[in-house]
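Q: Just dropping this structure here.
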Amino acid sequence: MIAYVTVGADDIAQAKAFYDAFLPALGYDLTEGAEGLSYVLPVADGQSPVLPDFYVKPPFNGAPASAGNGAMVAFEARNQAQVRTLHAAALAAGGTDEGAPGFRASYSPDFYVAYLRDPQGNKVALYSSEPQENGGPAPH
């Protein structure tokens, strides 16, 4: 099981604006500190943590942050409409489009996804495998 994912950022305020545009809508709580941003899913008393956590931090070695070539973090949305809404919010918060919301039948007939880059260049996906939208079947 993956416990956490960390991406680097040189401008934490800019990264916060981007990730705050969609992670709270997916249920993540934010804790800010000198070490950066920590997004975690809330845990009820007596329950096990829901993983993975997601961290945005300046690189530990002090060198500039860089996006991993071929690396991507995917977040599951509740449905296709939420993918579209959060993709638009992330673009408005400084992200760049890497693939408009839509079906990617090469992955699965019900795989609906949008791709973004955060202000640092890290690739992010927002997806839903919910086959229904507005009561109708997904196009195949």
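Going by the structure tokens order, chains are called A, B, ..., each with residues numbered from 1, while ligands are numbered from 1 in the order shown.
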Mind checking which residues fall within 12 Å of Ala34 of chain A, counting only C-alpha atoms, ignoring those fewer than 6 positions away in the same chain, and posting them as a list in words?
A: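 Within the cut-off, the hits are Ile12, Ala13, Val56, Lys57 and Pro58 of chain A.
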Q: For the residues in that selection, give me N, CA, C and O atoms as a short mmCIF file (atom, residue, chain, number, x, y, z; two decimals), in the first residue's frame.
A:
```cif
data_model
loop_
_atom_site.label_atom_id
_atom_site.label_comp_id
_atom_site.auth_asym_id
_atom_site.auth_seq_id
_atom_site.Cartn_x
_atom_site.Cartn_y
_atom_site.Cartn_z
N ILE A 12 5.46 27.65 -2.59
CA ILE A 12 4.43 26.93 -1.82
C ILE A 12 3.09 27.66 -1.88
O ILE A 12 2.04 27.04 -1.98
N ALA A 13 3.08 28.99 -1.88
CA ALA A 13 1.82 29.74 -1.97
C ALA A 13 1.12 29.46 -3.30
O ALA A 13 -0.10 29.27 -3.34
N VAL A 56 3.15 18.49 -0.44
CA VAL A 56 3.78 19.42 -1.37
C VAL A 56 4.84 20.16 -0.57
O VAL A 56 4.51 20.89 0.37
N LYS A 57 6.11 19.96 -0.94
CA LYS A 57 7.19 20.48 -0.12
C LYS A 57 8.36 20.97 -0.98
O LYS A 57 8.56 20.47 -2.08
N PRO A 58 9.12 21.92 -0.44
CA PRO A 58 10.38 22.26 -1.13
C PRO A 58 11.32 21.05 -1.02
O PRO A 58 11.28 20.32 -0.02
#
```
Q: Enumerate as a PyMOL selection string all residues of chain A assigned to strand (DSSP E or B) by DSSP on the backbone, naming them with the chain letters and numbers the document uses.
A: chain A and resi 4-8+29-33+36-40+53-57+72-76+96-103+112-117+123-128+132-133+136-137
Q: Which of these residues is nearest to Val43 of chain A, using only C-alpha atoms: A:Phe22, A:Tyr28, A:Tyr55, A:Phe60?
A: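 The shortest atom-to-atom distance to Val43 of chain A comes from A:Tyr28.
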Q: When you look at segment 101-105 of chain A with a cut-off of 8 Å (counting only C-alpha atoms), what residues show up, excluding the ones that are within fewer than 6 positions of it in the same chain? I need them as number ranges by chain.
A: A: 83-84, 87, 111-115, 140
Q: Rank A:Pro119, A:Gly70, A:Pro131, A:Pro24 by their smallest atom-to-atom distance to Gly8 of chain A, using only C-alpha atoms, and report the top residue only.
A: A:Pro119
